[in-house]
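The next block is input26.tsv, given as TSV, C-alpha atoms.
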```
chain	number	residue	atom	x	y	z
G	119	MET	CA	0.09	-1.79	24.38
G	120	THR	CA	0.00	-4.15	21.41
G	121	ALA	CA	-2.21	-6.63	23.25
G	122	SER	CA	-4.89	-4.00	23.85
G	123	MET	CA	-4.87	-2.59	20.34
G	124	PRO	CA	-7.86	-3.38	18.10
G	125	ALA	CA	-7.49	-5.91	15.31
G	126	LEU	CA	-6.49	-4.87	11.81
G	127	ALA	CA	-9.27	-4.30	9.26
G	128	LEU	CA	-8.58	-6.27	6.06
G	129	THR	CA	-10.82	-5.49	3.10
G	130	LEU	CA	-12.13	-8.34	0.96
G	131	GLY	CA	-10.94	-6.73	-2.28
G	132	ASP	CA	-12.52	-7.82	-5.55
G	133	PRO	CA	-14.53	-10.93	-4.60
G	134	ALA	CA	-13.67	-12.56	-7.94
G	135	GLY	CA	-9.94	-12.05	-7.46
G	136	ILE	CA	-7.34	-13.69	-5.25
G	137	GLY	CA	-8.17	-11.56	-2.22
G	138	PRO	CA	-10.31	-14.32	-0.65
G	139	ASP	CA	-7.67	-16.96	-1.47
G	140	ILE	CA	-4.75	-15.14	0.13
G	141	THR	CA	-6.86	-14.05	3.10
G	142	LEU	CA	-7.71	-17.67	3.85
G	143	ALA	CA	-4.09	-18.73	3.32
G	144	ALA	CA	-2.80	-15.96	5.59
G	145	TRP	CA	-5.20	-16.97	8.36
G	146	GLN	CA	-4.02	-20.58	8.02
G	147	ARG	CA	-0.45	-19.36	8.59
G	148	ARG	CA	-1.37	-17.11	11.54
G	149	GLU	CA	0.59	-19.16	14.07
G	150	ALA	CA	3.55	-20.16	11.89
G	151	ASP	CA	4.07	-16.56	10.76
G	152	CYS	CA	3.07	-14.93	14.08
G	153	LEU	CA	0.45	-12.77	12.38
G	154	PRO	CA	-1.38	-9.98	14.22
G	155	ALA	CA	-5.12	-10.41	14.65
G	156	PHE	CA	-7.20	-9.17	11.75
G	157	PHE	CA	-10.81	-9.27	10.65
G	158	VAL	CA	-12.20	-9.15	7.13
G	159	SER	CA	-14.41	-6.26	6.13
G	160	GLY	CA	-16.69	-7.83	3.55
G	161	ASP	CA	-18.96	-10.73	2.70
G	162	ALA	CA	-18.58	-13.90	4.80
G	163	GLY	CA	-20.32	-16.00	2.15
G	164	THR	CA	-17.61	-15.28	-0.40
G	165	LEU	CA	-14.93	-16.51	2.00
G	166	SER	CA	-16.86	-19.64	2.95
G	167	ARG	CA	-17.50	-20.54	-0.69
G	168	ARG	CA	-13.87	-19.94	-1.63
G	169	ALA	CA	-12.66	-22.06	1.28
G	170	ALA	CA	-14.91	-24.89	0.13
G	171	ARG	CA	-13.67	-24.60	-3.45
G	172	LEU	CA	-10.06	-24.76	-2.23
G	173	GLY	CA	-10.79	-27.69	0.07
G	174	LEU	CA	-9.92	-25.71	3.19
G	175	ASP	CA	-11.53	-26.45	6.54
G	176	ILE	CA	-11.56	-22.87	7.80
G	177	PRO	CA	-14.36	-21.65	10.07
G	178	VAL	CA	-15.61	-18.21	9.04
G	179	ARG	CA	-17.42	-16.30	11.78
G	180	ILE	CA	-19.30	-12.99	11.66
G	181	CYS	CA	-18.50	-10.78	14.63
G	182	ALA	CA	-18.17	-7.23	15.89
G	183	PRO	CA	-14.76	-5.53	15.49
G	184	GLU	CA	-14.17	-5.69	19.25
G	185	GLU	CA	-14.64	-9.49	19.21
G	186	ALA	CA	-12.20	-10.16	16.39
G	187	ALA	CA	-8.97	-10.42	18.38
G	188	GLY	CA	-10.42	-13.01	20.74
G	189	LEU	CA	-11.99	-14.99	17.90
G	190	PHE	CA	-8.92	-14.88	15.62
G	191	PRO	CA	-7.02	-17.89	17.03
G	192	LYS	CA	-9.87	-20.31	16.25
G	193	ALA	CA	-11.82	-18.77	13.34
G	194	LEU	CA	-11.48	-16.20	10.58
G	195	PRO	CA	-13.40	-13.15	11.86
G	196	VAL	CA	-15.60	-11.22	9.42
G	197	VAL	CA	-17.24	-7.89	10.16
G	198	ALA	CA	-20.05	-7.94	7.62
G	199	THR	CA	-20.71	-4.94	5.40
G	200	GLY	CA	-24.24	-6.00	4.45
G	201	ILE	CA	-23.31	-6.29	0.77
G	202	GLU	CA	-23.53	-9.83	-0.60
G	203	ALA	CA	-21.08	-10.68	-3.37
G	204	THR	CA	-22.17	-13.25	-5.95
G	205	ALA	CA	-19.09	-13.28	-8.19
G	206	GLY	CA	-17.27	-16.56	-8.69
G	207	PRO	CA	-13.49	-16.97	-8.88
G	208	GLY	CA	-12.14	-15.17	-11.93
G	209	ARG	CA	-15.63	-14.03	-12.97
G	210	PRO	CA	-16.45	-10.54	-11.69
G	211	ASP	CA	-20.10	-9.59	-11.94
G	212	ALA	CA	-22.36	-6.66	-11.07
G	213	SER	CA	-21.86	-7.28	-7.35
G	214	SER	CA	-18.06	-7.08	-7.51
G	215	GLY	CA	-17.57	-3.31	-7.66
G	216	PRO	CA	-20.10	-2.39	-4.95
G	217	ALA	CA	-18.84	-5.15	-2.63
G	218	ALA	CA	-15.23	-4.00	-2.98
G	219	ARG	CA	-16.09	-0.30	-2.58
G	220	VAL	CA	-18.26	-0.75	0.51
G	221	ALA	CA	-15.61	-2.95	2.14
G	222	ILE	CA	-13.11	-0.09	1.80
G	223	GLU	CA	-15.55	2.48	3.18
G	224	HIS	CA	-16.45	0.16	6.05
G	225	ALA	CA	-12.82	-0.52	7.02
G	226	VAL	CA	-11.93	3.18	6.94
G	227	SER	CA	-14.93	4.10	9.09
G	228	LEU	CA	-13.90	1.50	11.67
G	229	VAL	CA	-10.30	2.68	11.91
G	230	GLN	CA	-11.48	6.30	12.13
G	231	ALA	CA	-13.73	5.29	15.03
G	232	GLY	CA	-10.86	3.54	16.82
G	233	ARG	CA	-12.44	0.10	16.31
G	234	ALA	CA	-9.58	-1.10	14.08
G	235	SER	CA	-5.89	-0.27	14.40
G	236	ALA	CA	-5.09	0.02	10.67
G	237	VAL	CA	-6.49	-0.72	7.22
G	238	VAL	CA	-5.03	-3.42	5.00
G	239	THR	CA	-6.57	-3.62	1.54
G	240	ASN	CA	-6.84	-6.63	-0.72
G	241	PRO	CA	-6.52	-5.95	-4.48
G	242	ILE	CA	-9.29	-4.38	-6.53
G	243	ALA	CA	-9.71	-4.25	-10.31
G	244	LYS	CA	-10.11	-0.66	-11.42
G	245	SER	CA	-11.87	-1.66	-14.64
G	246	VAL	CA	-14.51	-3.50	-12.60
G	247	MET	CA	-14.81	-0.59	-10.18
G	248	TYR	CA	-15.25	1.89	-13.04
G	249	GLU	CA	-18.13	-0.16	-14.43
G	250	ALA	CA	-19.83	0.24	-11.05
G	251	GLY	CA	-19.49	4.04	-11.14
G	252	PHE	CA	-16.21	4.37	-9.23
G	253	SER	CA	-14.65	7.70	-10.24
G	254	PHE	CA	-11.21	7.63	-8.58
G	255	PRO	CA	-7.88	6.65	-10.19
G	256	GLY	CA	-7.39	3.94	-7.59
G	257	HIS	CA	-7.32	2.84	-3.96
G	258	THR	CA	-4.90	5.56	-2.85
G	259	GLU	CA	-6.96	8.50	-4.06
G	260	TYR	CA	-10.20	6.99	-2.74
G	261	LEU	CA	-8.72	6.52	0.72
G	262	ALA	CA	-7.68	10.18	0.77
G	263	HIS	CA	-11.22	11.16	-0.29
G	264	LEU	CA	-12.70	9.16	2.59
G	265	CYS	CA	-10.66	11.21	5.06
G	266	GLY	CA	-12.93	14.19	4.38
G	267	GLU	CA	-12.20	17.74	3.31
G	268	PRO	CA	-9.60	18.97	2.90
G	269	ALA	CA	-8.37	15.62	1.63
G	270	PRO	CA	-4.76	14.85	2.50
G	271	MET	CA	-2.15	14.35	-0.22
G	272	PRO	CA	-1.58	10.59	-0.39
G	273	VAL	CA	1.85	9.26	-1.31
G	274	MET	CA	2.37	5.70	-2.53
G	275	MET	CA	5.44	3.95	-1.15
G	276	LEU	CA	6.52	0.42	-1.98
G	277	TRP	CA	8.46	-0.96	0.97
G	278	SER	CA	10.52	-4.07	1.56
G	279	PRO	CA	13.47	-4.87	3.84
G	280	LEU	CA	15.70	-4.57	0.76
G	281	LEU	CA	14.40	-1.36	-0.79
G	282	ALA	CA	11.79	1.38	-0.35
G	283	VAL	CA	10.65	3.55	-3.25
G	284	VAL	CA	8.14	6.32	-3.95
G	285	PRO	CA	7.02	7.30	-7.46
G	286	ALA	CA	6.28	11.04	-7.63
G	287	THR	CA	3.95	10.49	-10.59
G	288	ILE	CA	2.01	7.25	-10.72
G	289	HIS	CA	-0.53	6.01	-13.25
G	290	ILE	CA	0.00	8.45	-16.10
G	291	PRO	CA	1.44	7.99	-19.60
G	292	LEU	CA	5.20	8.35	-19.77
G	293	ALA	CA	4.79	11.17	-22.29
G	294	GLU	CA	3.01	13.24	-19.62
G	295	VAL	CA	5.69	12.87	-16.95
G	296	PRO	CA	7.80	15.93	-17.95
G	297	ARG	CA	4.66	18.09	-17.84
G	298	ARG	CA	3.30	16.74	-14.53
G	299	LEU	CA	6.64	16.54	-12.71
G	300	THR	CA	7.46	19.80	-10.93
G	301	SER	CA	9.81	20.90	-8.19
G	302	GLU	CA	6.77	21.63	-6.04
G	303	LEU	CA	5.45	18.08	-6.48
G	304	LEU	CA	8.82	16.59	-5.60
G	305	VAL	CA	9.13	18.79	-2.51
G	306	ALA	CA	5.60	17.97	-1.29
G	307	THR	CA	6.07	14.24	-1.92
G	308	THR	CA	9.43	14.18	-0.13
G	309	ARG	CA	8.16	16.15	2.86
G	310	ILE	CA	5.35	13.64	3.44
G	311	THR	CA	7.75	10.73	2.95
G	312	ALA	CA	10.26	12.16	5.41
G	313	ARG	CA	7.56	12.83	8.01
G	314	ASP	CA	6.07	9.33	7.86
G	315	LEU	CA	9.48	7.66	7.89
G	316	LYS	CA	10.19	9.55	11.11
G	317	GLU	CA	6.81	9.20	12.81
G	318	ARG	CA	5.72	5.71	11.75
G	319	PHE	CA	8.86	3.89	10.64
G	320	GLY	CA	10.95	5.30	13.48
G	321	ILE	CA	13.82	6.57	11.30
G	322	PRO	CA	15.07	9.75	13.06
G	323	ALA	CA	16.77	11.36	10.04
G	324	PRO	CA	15.63	9.67	6.81
G	325	ARG	CA	18.14	9.66	3.97
G	326	ILE	CA	16.22	10.36	0.77
G	327	VAL	CA	17.55	10.17	-2.79
G	328	LEU	CA	15.71	11.84	-5.67
G	329	CYS	CA	16.21	9.87	-8.85
G	330	GLY	CA	17.19	11.63	-12.05
G	331	VAL	CA	14.64	11.79	-14.84
G	332	ASN	CA	17.00	11.31	-17.77
G	333	PRO	CA	19.83	8.84	-18.46
G	334	HIS	CA	22.85	9.65	-16.27
G	335	ALA	CA	20.66	12.24	-14.47
G	336	GLY	CA	20.86	14.43	-17.57
G	337	GLU	CA	24.67	14.84	-17.54
G	338	ASN	CA	24.47	18.48	-16.46
G	339	GLY	CA	21.71	19.26	-18.92
G	340	THR	CA	23.22	17.71	-22.03
G	341	ILE	CA	20.63	14.87	-21.99
G	342	GLY	CA	17.47	16.80	-21.18
G	343	ARG	CA	16.91	19.76	-18.87
G	344	GLU	CA	14.46	18.22	-16.35
G	345	ASP	CA	17.13	17.21	-13.84
G	346	GLU	CA	18.68	20.68	-13.74
G	347	GLU	CA	15.43	22.63	-13.85
G	348	ILE	CA	13.11	20.40	-11.75
G	349	VAL	CA	14.98	17.88	-9.60
G	350	ARG	CA	18.03	19.87	-8.51
G	351	PRO	CA	16.00	22.91	-7.31
G	352	ALA	CA	13.71	20.54	-5.37
G	353	VAL	CA	16.71	19.00	-3.61
G	354	ALA	CA	18.00	22.46	-2.71
G	355	MET	CA	14.63	23.47	-1.23
G	356	LEU	CA	14.41	20.27	0.80
G	357	ARG	CA	17.93	20.60	2.16
G	358	ALA	CA	17.17	24.18	3.17
G	359	GLU	CA	14.33	22.75	5.30
G	360	GLY	CA	16.70	20.33	7.02
G	361	ILE	CA	15.64	17.21	5.09
G	362	ASP	CA	18.51	14.92	4.09
G	363	ALA	CA	17.67	14.92	0.39
G	364	ARG	CA	20.20	14.15	-2.34
G	365	GLY	CA	20.17	14.04	-6.12
G	366	PRO	CA	19.43	13.94	-8.91
G	367	ALA	CA	21.01	10.47	-8.90
G	368	PRO	CA	21.37	8.31	-12.03
G	369	ALA	CA	18.82	5.50	-11.95
G	370	ASP	CA	21.13	2.95	-13.53
G	371	THR	CA	23.55	2.95	-10.56
G	372	LEU	CA	21.07	3.52	-7.74
G	373	PHE	CA	19.75	0.06	-6.95
G	374	HIS	CA	22.72	-2.29	-6.58
G	375	PRO	CA	23.45	-3.61	-3.05
G	376	ALA	CA	26.23	-1.16	-2.14
G	377	ALA	CA	24.22	1.84	-3.33
G	378	ARG	CA	21.16	0.76	-1.31
G	379	GLN	CA	23.18	1.04	1.90
G	380	GLY	CA	23.40	4.82	1.44
G	381	TYR	CA	19.72	5.76	1.63
G	382	ASP	CA	16.40	4.86	3.21
G	383	VAL	CA	14.11	5.59	0.28
G	384	VAL	CA	14.26	6.63	-3.38
G	385	ILE	CA	11.85	9.19	-4.83
G	386	GLY	CA	11.41	8.37	-8.51
G	387	ALA	CA	10.12	10.57	-11.29
G	388	TYR	CA	7.69	7.99	-12.67
G	389	HIS	CA	6.06	4.65	-11.91
G	390	ASP	CA	8.22	2.04	-13.64
G	391	GLN	CA	11.49	3.82	-12.84
G	392	VAL	CA	11.24	2.69	-9.21
G	393	LEU	CA	8.61	-0.06	-9.21
G	394	ALA	CA	10.57	-2.23	-11.64
G	395	PRO	CA	13.62	-2.44	-9.32
G	396	ILE	CA	11.64	-3.23	-6.17
G	397	LYS	CA	9.52	-5.85	-7.91
G	398	ALA	CA	12.68	-7.45	-9.30
G	399	LEU	CA	14.25	-7.53	-5.82
G	400	ALA	CA	11.24	-8.27	-3.63
G	401	PHE	CA	8.24	-9.34	-5.68
G	402	ASP	CA	6.78	-11.59	-2.96
G	403	SER	CA	7.64	-9.43	0.04
G	404	ALA	CA	7.10	-5.83	-1.07
G	405	VAL	CA	4.23	-3.93	0.53
G	406	ASN	CA	2.27	-0.94	-0.74
G	407	VAL	CA	2.06	1.71	2.00
G	408	THR	CA	0.02	4.89	1.67
G	409	LEU	CA	1.82	7.78	3.34
G	410	GLY	CA	0.16	11.05	4.29
G	411	LEU	CA	-3.10	9.59	5.64
G	412	PRO	CA	-4.29	10.09	9.23
G	413	PHE	CA	-4.34	6.29	9.64
G	414	VAL	CA	-2.07	3.42	8.63
G	415	ARG	CA	-2.86	1.68	5.34
G	416	THR	CA	-0.92	-1.13	3.69
G	417	SER	CA	-1.66	-3.49	0.83
G	418	PRO	CA	-0.12	-6.41	-1.02
G	419	ASP	CA	2.01	-5.29	-3.95
G	420	HIS	CA	0.05	-7.11	-6.65
G	421	GLY	CA	-3.28	-7.14	-8.42
G	422	THR	CA	-6.41	-9.28	-8.45
G	423	ALA	CA	-4.89	-12.07	-10.61
G	424	PHE	CA	-8.27	-13.32	-11.79
G	425	ASP	CA	-6.58	-16.22	-13.58
G	426	LEU	CA	-5.29	-17.57	-10.25
G	427	ALA	CA	-8.47	-17.07	-8.21
G	428	GLY	CA	-9.80	-20.33	-6.83
G	429	THR	CA	-6.83	-22.38	-8.03
G	430	GLY	CA	-4.85	-22.54	-4.78
G	431	ARG	CA	-1.76	-21.17	-6.55
G	432	ALA	CA	-1.92	-17.58	-5.26
G	433	SER	CA	0.85	-16.74	-2.78
G	434	PRO	CA	-0.16	-14.94	0.42
G	435	SER	CA	3.42	-13.73	1.06
G	436	SER	CA	2.85	-10.07	0.18
G	437	LEU	CA	-0.39	-9.95	2.17
G	438	ILE	CA	1.36	-11.48	5.17
G	439	GLU	CA	4.06	-8.81	4.96
G	440	ALA	CA	1.36	-6.13	4.59
G	441	LEU	CA	-0.37	-7.35	7.77
G	442	ARG	CA	2.89	-7.42	9.70
G	443	LEU	CA	3.92	-3.97	8.55
G	444	ALA	CA	0.48	-2.52	9.29
G	445	ARG	CA	0.68	-3.69	12.90
G	446	ARG	CA	4.25	-2.40	13.27
G	447	LEU	CA	3.32	1.05	11.95
G	448	ALA	CA	0.11	1.16	13.99
G	449	VAL	CA	2.02	0.42	17.18
G	450	THR	CA	4.60	3.14	16.44
G	451	ASP	CA	1.85	5.59	15.52
G	452	ALA	CA	-0.11	4.87	18.70
G	453	ALA	CA	3.01	5.29	20.85
G	454	ARG	CA	3.74	8.66	19.24
G	455	ARG	CA	0.18	9.87	19.75
G	456	ASN	CA	0.14	8.74	23.38
G	457	ALA	CA	3.43	10.55	24.03
G	458	ALA	CA	2.23	13.80	22.45
```
For the structure just supplied, provide its representation as structure tokens.
Amino acid sequence: MTASMPALALTLGDPAGIGPDITLAAWQRREADCLPAFFVSGDAGTLSRRAARLGLDIPVRICAPEEAAGLFPKALPVVATGIEATAGPGRPDASSGPAARVAIEHAVSLVQAGRASAVVTNPIAKSVMYEAGFSFPGHTEYLAHLCGEPAPMPVMMLWSPLLAVVPATIHIPLAEVPRRLTSELLVATTRITARDLKERFGIPAPRIVLCGVNPHAGENGTIGREDEEIVRPAVAMLRAEGIDARGPAPADTLFHPAARQGYDVVIGAYHDQVLAPIKALAFDSAVNVTLGLPFVRTSPDHGTAFDLAGTGRASPSSLIEALRLARRLAVTDAARRNAA
């Protein structure tokens, strides 16, 4: 089944960032790292110019999605979006935002049409996107929007072989977390996480820990009431539904090696509570996975790194892991759909 699956659709990302660099580097390592076939949704000229700047002899070929898998062993396939990007390394310009946005739309349309098996996204710079009229908080919300109405609830998970985490609230000020965090949000987030861990990751009964909001998980309400009034009721509701949810668990004892053996994923109250541990443990191998979408989407767990673009110093490790995981999840998802 894997041999007949379409190639992965990899977006170009911000053309001034390291997306082109790590894409070229990943293709170079396709045989050594046994990478699945992928094509780039974006501007072929940007990739050719970046390869020349980096001194890489990499053939870049425009093709149709159906031709990508056959072309992949000998050239980097590009399915052109029709948007030319003129930005140089580390210097985003007026073409950057539109080129990045259209590449995302193009990749999603191809996977929705069955012409790509999953979407892998290179990093974008939200500040650059906003200047071009982009009105979404980030990649995750835009992908949900592209699914149509009603838009699904997307859930951001950072995954690595060492640790998997989900922040219930993401890019909001810390002061707003107690107001935005509700039992209903935790329940909805955990339901989607449990479902995708079963259906795409192949974990029959996911073990999910909800992290406490306060130090020591509030110590029975003596250090803040959020854990007793928000987290604990959410855990009770989830357990009543048959989901193996536990908590609230103190964050300071949740991430050491022995503790990590007792769960499959941690649901955190806020961004840095769970992203700091996974980036400390697996900075080069962690992958951003969007749960809750009708298609598989992964991404490297880092940003555009404009200062590294065009220098040859950007590591493709996270992108390589994102490509591998996307194929793994797409295969599992296809098998489930075919069996239904």
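Near range 263-270 of chain G, within 8 Å and counting all atoms listed in the file, sit Glu223, Val226, Glu259, Tyr260, Leu261, Pro272, Gly410, Leu411 and Pro412 of chain G, not including residues fewer than 2 positions from it in the same chain.
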Self-check item: Shell of 6 Å around Asp419 in chain G, all atoms listed in the file, local chain residues under 5 positions omitted, as a ChimeraX atom specification
Solution: /G:404-406
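Every protein or nucleic acid residue with an atom no more than 7 Å from Val383 in chain G, counting all atoms listed in the file and leaving out same-chain residues fewer than 4 positions away, appears here: Ala282, Val283, Arg325, Ile326 and Val327 of chain G.
Using only C-alpha atoms, the protein and nucleic acid residues lying at most 7 Å from the point (3.4, 4.4, -1.9) are Val273, Met274, Met275, Leu276, Val284, Asn406, Val407, Thr408 and Leu409 of chain G.
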Quiz prompt | Spatial sel., origin (-11.0, -20.0, 14.9), limit 10 Å, all atoms listed in the file, listed as a ChimeraX atom specification | solution = /G:145-146,176-179,188-195
Dump as an mmCIF file, keeping the file's coordinate frame, selection limited to C-alpha atoms:
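New file part31.cif:
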```cif
data_model
loop_
_atom_site.group_PDB
_atom_site.id
_atom_site.type_symbol
_atom_site.label_atom_id
_atom_site.label_comp_id
_atom_site.auth_asym_id
_atom_site.auth_seq_id
_atom_site.Cartn_x
_atom_site.Cartn_y
_atom_site.Cartn_z
ATOM 1 C CA TRP G 145 -5.200 -16.970 8.360
ATOM 2 C CA GLN G 146 -4.020 -20.580 8.020
ATOM 3 C CA ILE G 176 -11.560 -22.870 7.800
ATOM 4 C CA PRO G 177 -14.360 -21.650 10.070
ATOM 5 C CA VAL G 178 -15.610 -18.210 9.040
ATOM 6 C CA ARG G 179 -17.420 -16.300 11.780
ATOM 7 C CA GLY G 188 -10.420 -13.010 20.740
ATOM 8 C CA LEU G 189 -11.990 -14.990 17.900
ATOM 9 C CA PHE G 190 -8.920 -14.880 15.620
ATOM 10 C CA PRO G 191 -7.020 -17.890 17.030
ATOM 11 C CA LYS G 192 -9.870 -20.310 16.250
ATOM 12 C CA ALA G 193 -11.820 -18.770 13.340
ATOM 13 C CA LEU G 194 -11.480 -16.200 10.580
ATOM 14 C CA PRO G 195 -13.400 -13.150 11.860
#
```
Exercise. Figure out the distance between CA of Ala376 in chain G and CA of Gly336 in chain G, please, to one decimal in Å.
Key: 22.6 Å
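Here CA of Thr258 in chain G stands at a distance of 27.5 Å from CA of Asp151 in chain G.
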Quiz item: Hey, can you check how far CA of Ser214 in chain G sits from CA of Ser435 in chain G?
Solution: 24.1 Å
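Among the candidates G:Asp132, G:Glu202, G:Asp451, G:Asp139, the residue lying nearest to Pro241 in chain G is G:Asp132 (atoms considered: all atoms listed in the file).
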